[in-house]
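Asks: This is the content of target39.pdb (PDB, C-alpha atoms, pLDDT in the B column):
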ATOM      1  CA  MET U   1     117.805 191.844 211.355  1.00 56.00           C
ATOM      2  CA  GLU U   2     120.677 192.367 208.968  1.00 50.00           C
ATOM      3  CA  ASP U   3     119.822 190.731 205.628  1.00 52.00           C
ATOM      4  CA  ASN U   4     116.126 190.634 204.828  1.00 53.00           C
ATOM      5  CA  GLY U   5     114.875 189.472 201.499  1.00 55.00           C
ATOM      6  CA  GLN U   6     114.053 192.447 199.356  1.00 48.00           C
ATOM      7  CA  LYS U   7     111.978 192.969 196.261  1.00 41.00           C
ATOM      8  CA  LYS U   8     114.368 193.264 193.361  1.00 43.00           C
ATOM      9  CA  GLU U   9     113.954 193.736 189.689  1.00 39.00           C
ATOM     10  CA  GLU U  10     115.830 191.167 187.633  1.00 37.00           C
ATOM     11  CA  GLN U  11     116.307 190.718 183.927  1.00 36.00           C
ATOM     12  CA  SER U  12     114.791 187.465 182.698  1.00 34.00           C
ATOM     13  CA  HIS U  13     116.369 185.538 179.853  1.00 37.00           C
ATOM     14  CA  GLU U  14     113.808 187.158 177.504  1.00 39.00           C
ATOM     15  CA  GLY U  15     114.998 190.645 178.461  1.00 35.00           C
ATOM     16  CA  LYS U  16     111.830 191.433 180.438  1.00 36.00           C
ATOM     17  CA  THR U  17     111.986 192.747 183.974  1.00 32.00           C
ATOM     18  CA  LYS U  18     110.378 190.681 186.706  1.00 36.00           C
ATOM     19  CA  GLU U  19     110.012 191.279 190.426  1.00 38.00           C
ATOM     20  CA  THR U  20     111.220 188.560 192.779  1.00 46.00           C
ATOM     21  CA  GLU U  21     109.265 187.795 195.937  1.00 54.00           C
ATOM     22  CA  ALA U  22     110.455 189.141 199.267  1.00 89.00           C
ATOM     23  CA  TRP U  23     110.549 187.923 202.834  1.00 93.00           C
ATOM     24  CA  GLU U  24     111.390 189.376 206.203  1.00 96.00           C
ATOM     25  CA  ILE U  25     113.420 187.951 209.067  1.00 97.00           C
ATOM     26  CA  ARG U  26     112.090 188.322 212.611  1.00 97.00           C
ATOM     27  CA  TYR U  27     112.570 186.700 215.984  1.00 98.00           C
ATOM     28  CA  SER U  28     110.757 183.384 216.249  1.00 97.00           C
ATOM     29  CA  ASP U  29     107.868 182.953 218.653  1.00 96.00           C
ATOM     30  CA  LEU U  30     106.028 179.955 220.048  1.00 96.00           C
ATOM     31  CA  ALA U  31     103.311 180.217 217.380  1.00 96.00           C
ATOM     32  CA  ASP U  32     105.943 179.382 214.731  1.00 97.00           C
ATOM     33  CA  GLY U  33     106.046 175.863 216.161  1.00 96.00           C
ATOM     34  CA  ARG U  34     103.034 174.806 214.122  1.00 96.00           C
ATOM     35  CA  PHE U  35     104.872 175.698 210.896  1.00 96.00           C
ATOM     36  CA  LEU U  36     107.998 173.909 212.086  1.00 94.00           C
ATOM     37  CA  LYS U  37     105.880 170.818 212.718  1.00 94.00           C
ATOM     38  CA  GLU U  38     104.298 171.107 209.263  1.00 94.00           C
ATOM     39  CA  TRP U  39     107.745 171.274 207.631  1.00 93.00           C
ATOM     40  CA  LEU U  40     109.029 168.290 209.594  1.00 91.00           C
ATOM     41  CA  LEU U  41     105.960 166.298 208.514  1.00 92.00           C
ATOM     42  CA  ASP U  42     106.731 167.046 204.845  1.00 89.00           C
ATOM     43  CA  PRO U  43     108.734 163.997 203.647  1.00 87.00           C
ATOM     44  CA  SER U  44     110.910 166.153 201.365  1.00 83.00           C
ATOM     45  CA  VAL U  45     111.976 168.222 204.391  1.00 83.00           C
ATOM     46  CA  GLY U  46     111.675 165.792 207.314  1.00 82.00           C
ATOM     47  CA  ARG U  47     113.877 163.300 205.463  1.00 82.00           C
ATOM     48  CA  TRP U  48     116.884 165.417 206.537  1.00 87.00           C
ATOM     49  CA  PHE U  49     116.137 165.224 210.268  1.00 86.00           C
ATOM     50  CA  PRO U  50     116.684 162.202 212.557  1.00 86.00           C
ATOM     51  CA  ILE U  51     113.096 161.979 213.751  1.00 87.00           C
ATOM     52  CA  ASP U  52     110.743 159.191 212.855  1.00 84.00           C
ATOM     53  CA  ASP U  53     107.252 159.476 214.323  1.00 90.00           C
ATOM     54  CA  MET U  54     104.775 161.954 215.779  1.00 93.00           C
ATOM     55  CA  PRO U  55     106.038 161.843 219.408  1.00 95.00           C
ATOM     56  CA  GLU U  56     109.588 162.504 218.152  1.00 93.00           C
ATOM     57  CA  ILE U  57     108.389 165.354 215.914  1.00 94.00           C
ATOM     58  CA  ASP U  58     106.423 166.888 218.792  1.00 95.00           C
ATOM     59  CA  ASP U  59     109.486 166.622 221.043  1.00 94.00           C
ATOM     60  CA  ALA U  60     111.751 168.199 218.387  1.00 92.00           C
ATOM     61  CA  VAL U  61     109.328 171.088 217.831  1.00 94.00           C
ATOM     62  CA  HIS U  62     108.987 171.681 221.584  1.00 95.00           C
ATOM     63  CA  ARG U  63     112.765 171.733 222.120  1.00 92.00           C
ATOM     64  CA  TRP U  64     113.561 173.759 218.982  1.00 92.00           C
ATOM     65  CA  ILE U  65     110.880 176.451 219.367  1.00 95.00           C
ATOM     66  CA  GLY U  66     111.571 176.656 223.112  1.00 95.00           C
ATOM     67  CA  PHE U  67     114.776 178.577 222.351  1.00 95.00           C
ATOM     68  CA  SER U  68     112.629 181.433 221.035  1.00 96.00           C
ATOM     69  CA  ARG U  69     112.239 182.679 224.619  1.00 96.00           C
ATOM     70  CA  TYR U  70     115.946 183.633 224.548  1.00 96.00           C
ATOM     71  CA  LYS U  71     115.618 185.610 221.276  1.00 97.00           C
ATOM     72  CA  CYS U  72     118.107 183.239 219.618  1.00 97.00           C
ATOM     73  CA  SER U  73     115.753 181.892 216.979  1.00 97.00           C
ATOM     74  CA  LEU U  74     114.835 183.603 213.711  1.00 98.00           C
ATOM     75  CA  THR U  75     111.895 183.059 211.386  1.00 97.00           C
ATOM     76  CA  ALA U  76     111.684 184.008 207.729  1.00 97.00           C
ATOM     77  CA  VAL U  77     108.210 185.277 206.798  1.00 97.00           C
ATOM     78  CA  LYS U  78     106.920 185.560 203.244  1.00 95.00           C
ATOM     79  CA  ASP U  79     103.518 187.067 202.510  1.00 93.00           C
ATOM     80  CA  GLY U  80     102.744 187.003 206.243  1.00 94.00           C
ATOM     81  CA  VAL U  81     103.442 183.266 206.617  1.00 95.00           C
ATOM     82  CA  PRO U  82     106.550 181.671 208.173  1.00 97.00           C
ATOM     83  CA  CYS U  83     108.629 179.867 205.542  1.00 96.00           C
ATOM     84  CA  GLY U  84     111.861 179.041 207.389  1.00 97.00           C
ATOM     85  CA  LEU U  85     113.426 179.015 210.825  1.00 97.00           C
ATOM     86  CA  ALA U  86     116.970 178.995 212.244  1.00 97.00           C
ATOM     87  CA  THR U  87     117.903 178.582 215.899  1.00 97.00           C
ATOM     88  CA  LEU U  88     121.029 178.868 218.008  1.00 98.00           C
ATOM     89  CA  TYR U  89     121.170 176.086 220.611  1.00 97.00           C
ATOM     90  CA  LEU U  90     122.757 178.210 223.319  1.00 96.00           C
ATOM     91  CA  GLN U  91     124.978 176.516 225.892  1.00 93.00           C
ATOM     92  CA  PRO U  92     124.078 177.021 229.563  1.00 92.00           C
ATOM     93  CA  TYR U  93     127.667 176.532 230.786  1.00 95.00           C
ATOM     94  CA  LYS U  94     130.162 179.433 230.843  1.00 95.00           C
ATOM     95  CA  LYS U  95     133.080 177.359 229.557  1.00 96.00           C
ATOM     96  CA  LEU U  96     131.018 176.354 226.507  1.00 96.00           C
ATOM     97  CA  ALA U  97     129.197 179.646 225.898  1.00 96.00           C
ATOM     98  CA  HIS U  98     131.704 180.791 223.233  1.00 97.00           C
ATOM     99  CA  GLN U  99     130.490 178.095 220.818  1.00 97.00           C
ATOM    100  CA  CYS U 100     127.079 177.053 219.640  1.00 97.00           C
ATOM    101  CA  GLU U 101     125.345 174.479 217.469  1.00 97.00           C
ATOM    102  CA  PHE U 102     122.475 175.646 215.279  1.00 97.00           C
ATOM    103  CA  GLY U 103     119.540 174.196 213.378  1.00 96.00           C
ATOM    104  CA  ILE U 104     117.944 175.532 210.212  1.00 96.00           C
ATOM    105  CA  ILE U 105     114.900 174.496 208.204  1.00 95.00           C
ATOM    106  CA  VAL U 106     113.155 175.976 205.170  1.00 95.00           C
ATOM    107  CA  GLY U 107     109.712 174.816 204.063  1.00 93.00           C
ATOM    108  CA  GLY U 108     109.797 172.664 200.936  1.00 86.00           C
ATOM    109  CA  ALA U 109     107.856 175.162 198.806  1.00 88.00           C
ATOM    110  CA  HIS U 110     110.341 177.923 199.684  1.00 92.00           C
ATOM    111  CA  ARG U 111     113.661 176.233 198.988  1.00 90.00           C
ATOM    112  CA  GLY U 112     116.051 177.569 196.387  1.00 90.00           C
ATOM    113  CA  GLN U 113     114.917 181.191 196.813  1.00 92.00           C
ATOM    114  CA  GLY U 114     117.723 182.470 199.056  1.00 94.00           C
ATOM    115  CA  ILE U 115     115.746 182.161 202.285  1.00 96.00           C
ATOM    116  CA  GLY U 116     118.209 179.710 203.847  1.00 95.00           C
ATOM    117  CA  THR U 117     121.115 182.004 202.954  1.00 96.00           C
ATOM    118  CA  SER U 118     119.337 185.002 204.472  1.00 96.00           C
ATOM    119  CA  LEU U 119     118.426 183.081 207.639  1.00 97.00           C
ATOM    120  CA  LEU U 120     121.988 181.835 208.063  1.00 97.00           C
ATOM    121  CA  LYS U 121     123.550 185.286 207.499  1.00 97.00           C
ATOM    122  CA  ASN U 122     121.201 186.805 210.070  1.00 97.00           C
ATOM    123  CA  LEU U 123     121.775 183.946 212.521  1.00 98.00           C
ATOM    124  CA  MET U 124     125.559 184.372 212.247  1.00 98.00           C
ATOM    125  CA  HIS U 125     125.183 188.098 212.869  1.00 97.00           C
ATOM    126  CA  LEU U 126     122.940 187.431 215.891  1.00 98.00           C
ATOM    127  CA  ALA U 127     125.354 184.812 217.254  1.00 98.00           C
ATOM    128  CA  LYS U 128     128.368 187.085 217.033  1.00 97.00           C
ATOM    129  CA  ASP U 129     126.863 190.442 218.017  1.00 97.00           C
ATOM    130  CA  LYS U 130     124.246 189.541 220.613  1.00 97.00           C
ATOM    131  CA  PHE U 131     125.551 186.301 222.115  1.00 97.00           C
ATOM    132  CA  ARG U 132     129.307 186.743 221.528  1.00 97.00           C
ATOM    133  CA  ILE U 133     129.550 183.330 219.903  1.00 98.00           C
ATOM    134  CA  GLU U 134     133.012 182.705 218.467  1.00 98.00           C
ATOM    135  CA  LEU U 135     132.455 179.297 216.868  1.00 98.00           C
ATOM    136  CA  LEU U 136     129.267 178.147 215.163  1.00 98.00           C
ATOM    137  CA  HIS U 137     128.835 174.454 214.299  1.00 98.00           C
ATOM    138  CA  LEU U 138     126.298 171.992 212.953  1.00 97.00           C
ATOM    139  CA  GLN U 139     125.710 168.368 212.138  1.00 96.00           C
ATOM    140  CA  VAL U 140     124.133 167.353 208.860  1.00 96.00           C
ATOM    141  CA  TYR U 141     123.287 164.205 206.910  1.00 93.00           C
ATOM    142  CA  ALA U 142     126.323 163.437 204.733  1.00 94.00           C
ATOM    143  CA  ASP U 143     124.232 163.583 201.535  1.00 92.00           C
ATOM    144  CA  ASN U 144     122.081 166.619 202.428  1.00 92.00           C
ATOM    145  CA  PRO U 145     122.075 169.226 199.626  1.00 93.00           C
ATOM    146  CA  ALA U 146     122.244 171.990 202.282  1.00 94.00           C
ATOM    147  CA  ILE U 147     125.969 171.196 202.651  1.00 96.00           C
ATOM    148  CA  HIS U 148     126.488 173.444 199.614  1.00 96.00           C
ATOM    149  CA  LEU U 149     124.917 176.362 201.515  1.00 96.00           C
ATOM    150  CA  TYR U 150     127.062 175.735 204.584  1.00 97.00           C
ATOM    151  CA  SER U 151     130.250 175.509 202.500  1.00 98.00           C
ATOM    152  CA  ARG U 152     129.361 178.677 200.602  1.00 97.00           C
ATOM    153  CA  MET U 153     128.897 180.436 203.950  1.00 97.00           C
ATOM    154  CA  GLY U 154     132.385 179.427 205.109  1.00 98.00           C
ATOM    155  CA  PHE U 155     131.663 176.292 207.159  1.00 98.00           C
ATOM    156  CA  LYS U 156     134.338 173.590 206.988  1.00 98.00           C
ATOM    157  CA  GLU U 157     133.944 169.882 207.657  1.00 97.00           C
ATOM    158  CA  PHE U 158     135.802 168.731 210.775  1.00 97.00           C
ATOM    159  CA  GLY U 159     134.520 165.202 211.178  1.00 97.00           C
ATOM    160  CA  LYS U 160     132.294 162.427 209.921  1.00 97.00           C
ATOM    161  CA  GLN U 161     130.409 159.691 211.718  1.00 96.00           C
ATOM    162  CA  GLU U 162     129.514 156.652 209.653  1.00 96.00           C
ATOM    163  CA  GLY U 163     126.445 154.713 210.726  1.00 94.00           C
ATOM    164  CA  TRP U 164     124.847 157.664 212.531  1.00 93.00           C
ATOM    165  CA  ILE U 165     121.269 156.883 211.476  1.00 91.00           C
ATOM    166  CA  LYS U 166     119.843 153.407 211.048  1.00 92.00           C
ATOM    167  CA  GLU U 167     117.041 153.747 208.518  1.00 88.00           C
ATOM    168  CA  LYS U 168     113.901 151.580 208.554  1.00 87.00           C
ATOM    169  CA  ASP U 169     115.274 149.516 205.670  1.00 92.00           C
ATOM    170  CA  GLY U 170     118.377 148.634 207.723  1.00 94.00           C
ATOM    171  CA  THR U 171     120.799 150.893 205.829  1.00 93.00           C
ATOM    172  CA  TYR U 172     122.961 153.419 207.617  1.00 95.00           C
ATOM    173  CA  THR U 173     123.454 157.120 206.939  1.00 93.00           C
ATOM    174  CA  ALA U 174     126.509 159.139 207.924  1.00 96.00           C
ATOM    175  CA  ARG U 175     126.601 162.657 209.321  1.00 96.00           C
ATOM    176  CA  LEU U 176     129.118 165.413 208.853  1.00 97.00           C
ATOM    177  CA  PHE U 177     130.255 167.910 211.461  1.00 98.00           C
ATOM    178  CA  MET U 178     130.927 171.423 210.163  1.00 98.00           C
ATOM    179  CA  GLU U 179     132.069 174.629 211.859  1.00 98.00           C
ATOM    180  CA  ARG U 180     132.933 178.240 211.205  1.00 98.00           C
ATOM    181  CA  ARG U 181     134.688 180.857 213.307  1.00 98.00           C
ATOM    182  CA  LEU U 182     132.778 184.127 213.537  1.00 97.00           C
TER     183      LEU U 182
END
Is it possible to express this structure as C-alpha coordinates?

Replies:
Amino acid sequence: MEDNGQKKEEQSHEGKTKETEAWEIRYSDLADGRFLKEWLLDPSVGRWFPIDDMPEIDDAVHRWIGFSRYKCSLTAVKDGVPCGLATLYLQPYKKLAHQCEFGIIVGGAHRGQGIGTSLLKNLMHLAKDKFRIELLHLQVYADNPAIHLYSRMGFKEFGKQEGWIKEKDGTYTARLFMERRL
(Lines of atoms letter the chains of each structure in order from A and count residues from 1; the text may use other names and numbers.)
(Lines give C-alpha, C1' and ligand atoms only; values in the text may rest on other atoms or scores of the structure.)
Protein backbone atom coordinates (compact mmCIF):
# COMPACT_ATOMS: atom_id res chain seq x y z
CA MET A 1 0.00 0.00 0.00
CA GLU A 2 1.05 3.58 -0.56
CA ASP A 3 0.98 5.42 2.79
CA ASN A 4 1.68 3.24 5.80
CA GLY A 5 2.09 4.69 9.22
CA GLN A 6 5.75 4.95 10.04
CA LYS A 7 7.70 5.35 13.23
CA LYS A 8 8.81 8.95 13.42
CA GLU A 9 10.74 10.95 15.89
CA GLU A 10 8.97 14.13 16.94
CA GLN A 11 9.96 16.98 19.19
CA SER A 12 7.67 17.25 22.21
CA HIS A 13 6.84 20.61 23.72
CA GLU A 14 9.56 19.97 26.34
CA GLY A 15 12.21 19.59 23.63
CA LYS A 16 12.55 15.83 24.16
CA THR A 17 12.33 13.40 21.27
CA LYS A 18 9.58 10.81 21.34
CA GLU A 19 8.71 8.00 18.95
CA THR A 20 5.16 7.85 17.64
CA GLU A 21 3.46 4.49 17.17
CA ALA A 22 3.23 2.95 13.72
CA TRP A 23 0.70 0.91 11.80
CA GLU A 24 0.59 -0.93 8.52
CA ILE A 25 -2.09 -1.04 5.85
CA ARG A 26 -2.98 -4.40 4.29
CA TYR A 27 -5.84 -5.95 2.39
CA SER A 28 -8.73 -6.87 4.66
CA ASP A 29 -9.71 -10.49 5.18
CA LEU A 30 -12.75 -12.22 6.62
CA ALA A 31 -11.12 -12.53 10.05
CA ASP A 32 -11.17 -8.71 10.33
CA GLY A 33 -14.95 -8.94 10.65
CA ARG A 34 -14.73 -9.64 14.37
CA PHE A 35 -12.88 -6.34 14.90
CA LEU A 36 -15.37 -4.49 12.72
CA LYS A 37 -18.17 -5.91 14.87
CA GLU A 38 -16.34 -4.87 18.05
CA TRP A 39 -15.99 -1.30 16.76
CA LEU A 40 -19.64 -1.10 15.75
CA LEU A 41 -20.64 -2.30 19.23
CA ASP A 42 -18.61 0.53 20.81
CA PRO A 43 -21.17 3.33 21.40
CA SER A 44 -18.59 6.03 20.63
CA VAL A 45 -18.03 4.48 17.19
CA GLY A 46 -21.35 2.78 16.40
CA ARG A 47 -23.17 6.06 17.06
CA TRP A 48 -22.05 7.20 13.58
CA PHE A 49 -23.60 4.25 11.73
CA PRO A 50 -27.32 3.70 11.01
CA ILE A 51 -27.54 0.32 12.70
CA ASP A 52 -29.43 -0.33 15.89
CA ASP A 53 -29.30 -3.91 17.15
CA MET A 54 -27.30 -7.13 16.93
CA PRO A 55 -28.99 -8.55 13.78
CA GLU A 56 -28.35 -5.23 11.99
CA ILE A 57 -24.72 -5.17 13.17
CA ASP A 58 -24.21 -8.77 12.04
CA ASP A 59 -25.72 -7.93 8.65
CA ALA A 60 -23.53 -4.81 8.27
CA VAL A 61 -20.37 -6.75 9.17
CA HIS A 62 -21.26 -9.56 6.74
CA ARG A 63 -21.91 -7.13 3.87
CA TRP A 64 -18.93 -4.86 4.61
CA ILE A 65 -16.29 -7.57 5.14
CA GLY A 66 -17.66 -9.54 2.18
CA PHE A 67 -16.02 -7.03 -0.17
CA SER A 68 -12.63 -8.26 1.04
CA ARG A 69 -12.86 -11.11 -1.48
CA TYR A 70 -12.43 -8.50 -4.26
CA LYS A 71 -9.30 -6.96 -2.65
CA CYS A 72 -11.12 -3.62 -2.35
CA SER A 73 -11.01 -3.40 1.43
CA LEU A 74 -8.05 -2.25 3.52
CA THR A 75 -7.26 -2.80 7.18
CA ALA A 76 -4.93 -0.74 9.34
CA VAL A 77 -2.97 -2.92 11.77
CA LYS A 78 -1.15 -1.61 14.83
CA ASP A 79 0.94 -3.90 17.00
CA GLY A 80 -0.49 -6.90 15.12
CA VAL A 81 -4.12 -5.96 15.81
CA PRO A 82 -6.58 -4.40 13.33
CA CYS A 83 -7.45 -0.83 14.32
CA GLY A 84 -9.34 0.50 11.29
CA LEU A 85 -10.92 -0.58 8.03
CA ALA A 86 -11.94 1.11 4.77
CA THR A 87 -13.88 -0.52 1.93
CA LEU A 88 -14.84 0.36 -1.62
CA TYR A 89 -18.42 -0.73 -2.36
CA LEU A 90 -17.75 -1.71 -5.96
CA GLN A 91 -20.59 -1.45 -8.47
CA PRO A 92 -21.46 -4.60 -10.44
CA TYR A 93 -22.84 -2.66 -13.44
CA LYS A 94 -20.54 -1.38 -16.21
CA LYS A 95 -22.29 1.98 -16.54
CA LEU A 96 -21.74 2.63 -12.82
CA ALA A 97 -18.28 1.10 -12.45
CA HIS A 98 -16.50 4.47 -12.81
CA GLN A 99 -17.85 5.64 -9.43
CA CYS A 100 -17.90 4.08 -6.02
CA GLU A 101 -19.17 4.68 -2.50
CA PHE A 102 -16.89 3.78 0.39
CA GLY A 103 -17.09 3.12 4.11
CA ILE A 104 -14.42 3.77 6.73
CA ILE A 105 -14.19 3.02 10.44
CA VAL A 106 -11.42 3.45 13.01
CA GLY A 107 -11.61 1.84 16.45
CA GLY A 108 -12.35 4.33 19.22
CA ALA A 109 -8.99 3.84 20.96
CA HIS A 110 -7.14 4.60 17.71
CA ARG A 111 -8.82 7.81 16.58
CA GLY A 112 -6.88 11.02 16.19
CA GLN A 113 -3.61 9.26 15.31
CA GLY A 114 -3.69 9.64 11.52
CA ILE A 115 -4.99 6.13 10.85
CA GLY A 116 -8.15 7.37 9.12
CA THR A 117 -6.07 9.68 6.91
CA SER A 118 -3.72 6.84 5.99
CA LEU A 119 -6.60 4.45 5.26
CA LEU A 120 -8.35 7.02 3.09
CA LYS A 121 -5.18 7.92 1.13
CA ASN A 122 -4.51 4.24 0.45
CA LEU A 123 -8.15 3.58 -0.45
CA MET A 124 -8.14 6.47 -2.94
CA HIS A 125 -4.94 5.12 -4.49
CA LEU A 126 -6.45 1.62 -4.71
CA ALA A 127 -9.68 2.97 -6.22
CA LYS A 128 -7.91 4.93 -8.92
CA ASP A 129 -5.05 2.58 -9.81
CA LYS A 130 -6.56 -0.88 -9.42
CA PHE A 131 -10.26 -0.32 -10.05
CA ARG A 132 -10.11 2.75 -12.33
CA ILE A 133 -12.61 4.60 -10.17
CA GLU A 134 -13.05 8.20 -11.30
CA LEU A 135 -15.45 9.45 -8.63
CA LEU A 136 -15.42 8.41 -4.98
CA HIS A 137 -18.39 9.32 -2.75
CA LEU A 138 -19.78 8.77 0.72
CA GLN A 139 -22.69 9.52 2.99
CA VAL A 140 -22.12 10.68 6.54
CA TYR A 141 -24.11 11.89 9.54
CA ALA A 142 -24.34 15.68 9.22
CA ASP A 143 -22.68 16.20 12.63
CA ASN A 144 -20.00 13.49 12.35
CA PRO A 145 -16.52 14.84 13.19
CA ALA A 146 -15.07 12.74 10.33
CA ILE A 147 -16.41 15.39 7.91
CA HIS A 148 -13.24 17.35 8.70
CA LEU A 149 -11.13 14.43 7.42
CA TYR A 150 -13.18 14.12 4.24
CA SER A 151 -12.97 17.87 3.56
CA ARG A 152 -9.22 17.88 4.20
CA MET A 153 -8.88 15.04 1.68
CA GLY A 154 -10.70 17.04 -1.01
CA PHE A 155 -14.27 15.73 -0.69
CA LYS A 156 -17.00 18.30 -1.35
CA GLU A 157 -20.59 18.23 -0.14
CA PHE A 158 -23.10 17.78 -2.96
CA GLY A 159 -26.31 17.20 -1.06
CA LYS A 160 -28.06 16.88 2.27
CA GLN A 161 -31.02 14.81 3.38
CA GLU A 162 -32.86 16.04 6.44
CA GLY A 163 -34.66 13.43 8.51
CA TRP A 164 -32.48 10.54 7.30
CA ILE A 165 -32.32 8.73 10.65
CA LYS A 166 -35.14 8.59 13.17
CA GLU A 167 -33.48 8.11 16.54
CA LYS A 168 -35.06 6.16 19.41
CA ASP A 169 -35.98 9.42 21.14
CA GLY A 170 -37.99 10.53 18.08
CA THR A 171 -35.49 13.14 16.85
CA TYR A 172 -34.17 13.12 13.32
CA THR A 173 -30.60 13.26 12.05
CA ALA A 174 -29.53 14.51 8.63
CA ARG A 175 -26.89 13.03 6.35
CA LEU A 176 -24.52 14.70 3.96
CA PHE A 177 -23.41 13.39 0.58
CA MET A 178 -19.79 14.10 -0.33
CA GLU A 179 -17.68 13.26 -3.38
CA ARG A 180 -14.25 13.68 -4.88
CA ARG A 181 -12.91 13.13 -8.38
CA LEU A 182 -9.79 10.99 -8.48

Asks: Let me make sure I understand: among U:Cys72, U:Glu24, U:Gly108, U:Pro82, which one has the smallest atom-to-atom distance to Leu40 (chain U) if we use all atoms listed in the file?

Replies: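 Ranked by minimum distance to Leu40 (chain U), first place goes to U:Gly108.
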
Asks: Quick one: residues within 12 Å of Met124 (chain U), all atoms listed in the file, excluding same-chain residues fewer than 2 positions away - as an mmCIF file with C-alpha atoms, keeping the file's coordinate frame?

Replies:
data_model
loop_
_atom_site.group_PDB
_atom_site.id
_atom_site.type_symbol
_atom_site.label_atom_id
_atom_site.label_comp_id
_atom_site.auth_asym_id
_atom_site.auth_seq_id
_atom_site.Cartn_x
_atom_site.Cartn_y
_atom_site.Cartn_z
ATOM 1 C CA MET U 1 117.805 191.844 211.355
ATOM 2 C CA GLU U 2 120.677 192.367 208.968
ATOM 3 C CA ASP U 3 119.822 190.731 205.628
ATOM 4 C CA CYS U 72 118.107 183.239 219.618
ATOM 5 C CA SER U 73 115.753 181.892 216.979
ATOM 6 C CA LEU U 74 114.835 183.603 213.711
ATOM 7 C CA ALA U 86 116.970 178.995 212.244
ATOM 8 C CA THR U 87 117.903 178.582 215.899
ATOM 9 C CA LEU U 88 121.029 178.868 218.008
ATOM 10 C CA GLN U 99 130.490 178.095 220.818
ATOM 11 C CA CYS U 100 127.079 177.053 219.640
ATOM 12 C CA GLU U 101 125.345 174.479 217.469
ATOM 13 C CA PHE U 102 122.475 175.646 215.279
ATOM 14 C CA GLY U 103 119.540 174.196 213.378
ATOM 15 C CA ILE U 104 117.944 175.532 210.212
ATOM 16 C CA THR U 117 121.115 182.004 202.954
ATOM 17 C CA SER U 118 119.337 185.002 204.472
ATOM 18 C CA LEU U 119 118.426 183.081 207.639
ATOM 19 C CA LEU U 120 121.988 181.835 208.063
ATOM 20 C CA LYS U 121 123.550 185.286 207.499
ATOM 21 C CA ASN U 122 121.201 186.805 210.070
ATOM 22 C CA LEU U 126 122.940 187.431 215.891
ATOM 23 C CA ALA U 127 125.354 184.812 217.254
ATOM 24 C CA LYS U 128 128.368 187.085 217.033
ATOM 25 C CA ASP U 129 126.863 190.442 218.017
ATOM 26 C CA LYS U 130 124.246 189.541 220.613
ATOM 27 C CA PHE U 131 125.551 186.301 222.115
ATOM 28 C CA ARG U 132 129.307 186.743 221.528
ATOM 29 C CA ILE U 133 129.550 183.330 219.903
ATOM 30 C CA GLU U 134 133.012 182.705 218.467
ATOM 31 C CA LEU U 135 132.455 179.297 216.868
ATOM 32 C CA LEU U 136 129.267 178.147 215.163
ATOM 33 C CA HIS U 137 128.835 174.454 214.299
ATOM 34 C CA TYR U 150 127.062 175.735 204.584
ATOM 35 C CA MET U 153 128.897 180.436 203.950
ATOM 36 C CA GLY U 154 132.385 179.427 205.109
ATOM 37 C CA PHE U 155 131.663 176.292 207.159
ATOM 38 C CA GLU U 179 132.069 174.629 211.859
ATOM 39 C CA ARG U 180 132.933 178.240 211.205
ATOM 40 C CA ARG U 181 134.688 180.857 213.307
ATOM 41 C CA LEU U 182 132.778 184.127 213.537
#

Asks: How many Å separate CA of Leu41 (chain U) from CA of Ala174 (chain U)?

Replies: 21.8 Å

Asks: Between U:Asn144, U:Ser44, U:Ser28, U:Gln139, which has the minimum distance to Leu85 (chain U) (counting only C-alpha atoms)?

Replies: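 So, comparing all the options, the nearest one is U:Ser28.
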
Asks: So what does the PyMOL selection byres ((chain U and resi 164) around 12) actually pick up in this one, as a list in words?

Replies: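 On the file shown, the PyMOL selection byres ((chain U and resi 164) around 12) covers Phe49, Pro50, Gln139, Val140, Tyr141, Ala142, Lys160, Gln161, Glu162, Gly163, Ile165, Lys166, Glu167, Thr171, Tyr172, Thr173, Ala174, Arg175, Leu176 and Phe177 of chain U.
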
Asks: Write out, as a PDB file, keeping the file's coordinate frame, the residues just selected, with C-alpha atoms.

Replies:
ATOM      1  CA  PHE U  49     116.137 165.224 210.268  1.00 86.00           C
ATOM      2  CA  PRO U  50     116.684 162.202 212.557  1.00 86.00           C
ATOM      3  CA  GLN U 139     125.710 168.368 212.138  1.00 96.00           C
ATOM      4  CA  VAL U 140     124.133 167.353 208.860  1.00 96.00           C
ATOM      5  CA  TYR U 141     123.287 164.205 206.910  1.00 93.00           C
ATOM      6  CA  ALA U 142     126.323 163.437 204.733  1.00 94.00           C
ATOM      7  CA  LYS U 160     132.294 162.427 209.921  1.00 97.00           C
ATOM      8  CA  GLN U 161     130.409 159.691 211.718  1.00 96.00           C
ATOM      9  CA  GLU U 162     129.514 156.652 209.653  1.00 96.00           C
ATOM     10  CA  GLY U 163     126.445 154.713 210.726  1.00 94.00           C
ATOM     11  CA  ILE U 165     121.269 156.883 211.476  1.00 91.00           C
ATOM     12  CA  LYS U 166     119.843 153.407 211.048  1.00 92.00           C
ATOM     13  CA  GLU U 167     117.041 153.747 208.518  1.00 88.00           C
ATOM     14  CA  THR U 171     120.799 150.893 205.829  1.00 93.00           C
ATOM     15  CA  TYR U 172     122.961 153.419 207.617  1.00 95.00           C
ATOM     16  CA  THR U 173     123.454 157.120 206.939  1.00 93.00           C
ATOM     17  CA  ALA U 174     126.509 159.139 207.924  1.00 96.00           C
ATOM     18  CA  ARG U 175     126.601 162.657 209.321  1.00 96.00           C
ATOM     19  CA  LEU U 176     129.118 165.413 208.853  1.00 97.00           C
ATOM     20  CA  PHE U 177     130.255 167.910 211.461  1.00 98.00           C
TER      21      PHE U 177
END

Asks: Could you spell out the hits of the PyMOL selection byres ((chain U and resi 39) around 10) on the shown file, as a list in words?

Replies: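 Here the PyMOL selection byres ((chain U and resi 39) around 10) matches Gly33, Arg34, Phe35, Leu36, Lys37, Glu38, Leu40, Leu41, Asp42, Pro43, Ser44, Val45, Gly46, Cys83, Gly84, Ile105, Val106, Gly107, Gly108 and Ala109 of chain U.
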
Asks: Once the PyMOL selection byres ((chain U and resi 25) around 6) is applied to the coordinates I shared, what remains selected? I want it as an MDAnalysis selection string.

Replies: chainID U and resid 4 24 26 75:76

Asks: Print the selection's residues with C-alpha atoms to a file, as an mmCIF file, keeping the file's coordinate frame.

Replies:
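Output contents, as saved in out_20.cif:
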data_model
loop_
_atom_site.group_PDB
_atom_site.id
_atom_site.type_symbol
_atom_site.label_atom_id
_atom_site.label_comp_id
_atom_site.auth_asym_id
_atom_site.auth_seq_id
_atom_site.Cartn_x
_atom_site.Cartn_y
_atom_site.Cartn_z
ATOM 1 C CA ASN U 4 116.126 190.634 204.828
ATOM 2 C CA GLU U 24 111.390 189.376 206.203
ATOM 3 C CA ARG U 26 112.090 188.322 212.611
ATOM 4 C CA THR U 75 111.895 183.059 211.386
ATOM 5 C CA ALA U 76 111.684 184.008 207.729
#

Asks: Which is closest to Gly116 (chain U) among U:Asp79, U:Tyr27, U:Arg152, U:Val61, if we use all atoms listed in the file?

Replies: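 Looking only at the distances to Gly116 (chain U), the closest residue turns out to be U:Arg152.
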
Asks: U:Asp32, U:Asp143, U:Glu157, U:Glu56: which is nearest Ser68 (chain U), counting all atoms listed in the file?

Replies: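 Smallest distance to Ser68 (chain U) is found for U:Asp32.
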
Asks: In terms of the shortest atom-to-atom distance over only C-alpha atoms, which of U:Ala146, U:Asp58, U:Arg47, U:Val81 is closest to Arg111 (chain U)?

Replies: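 For Arg111 (chain U), the nearest of the candidates is U:Ala146.
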
Asks: Do you have the CA of Ile147 (chain U)-CA of Gly80 (chain U) distance handy?

Replies: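 Separating CA of Ile147 (chain U) from CA of Gly80 (chain U) is a distance of 28.3 Å.
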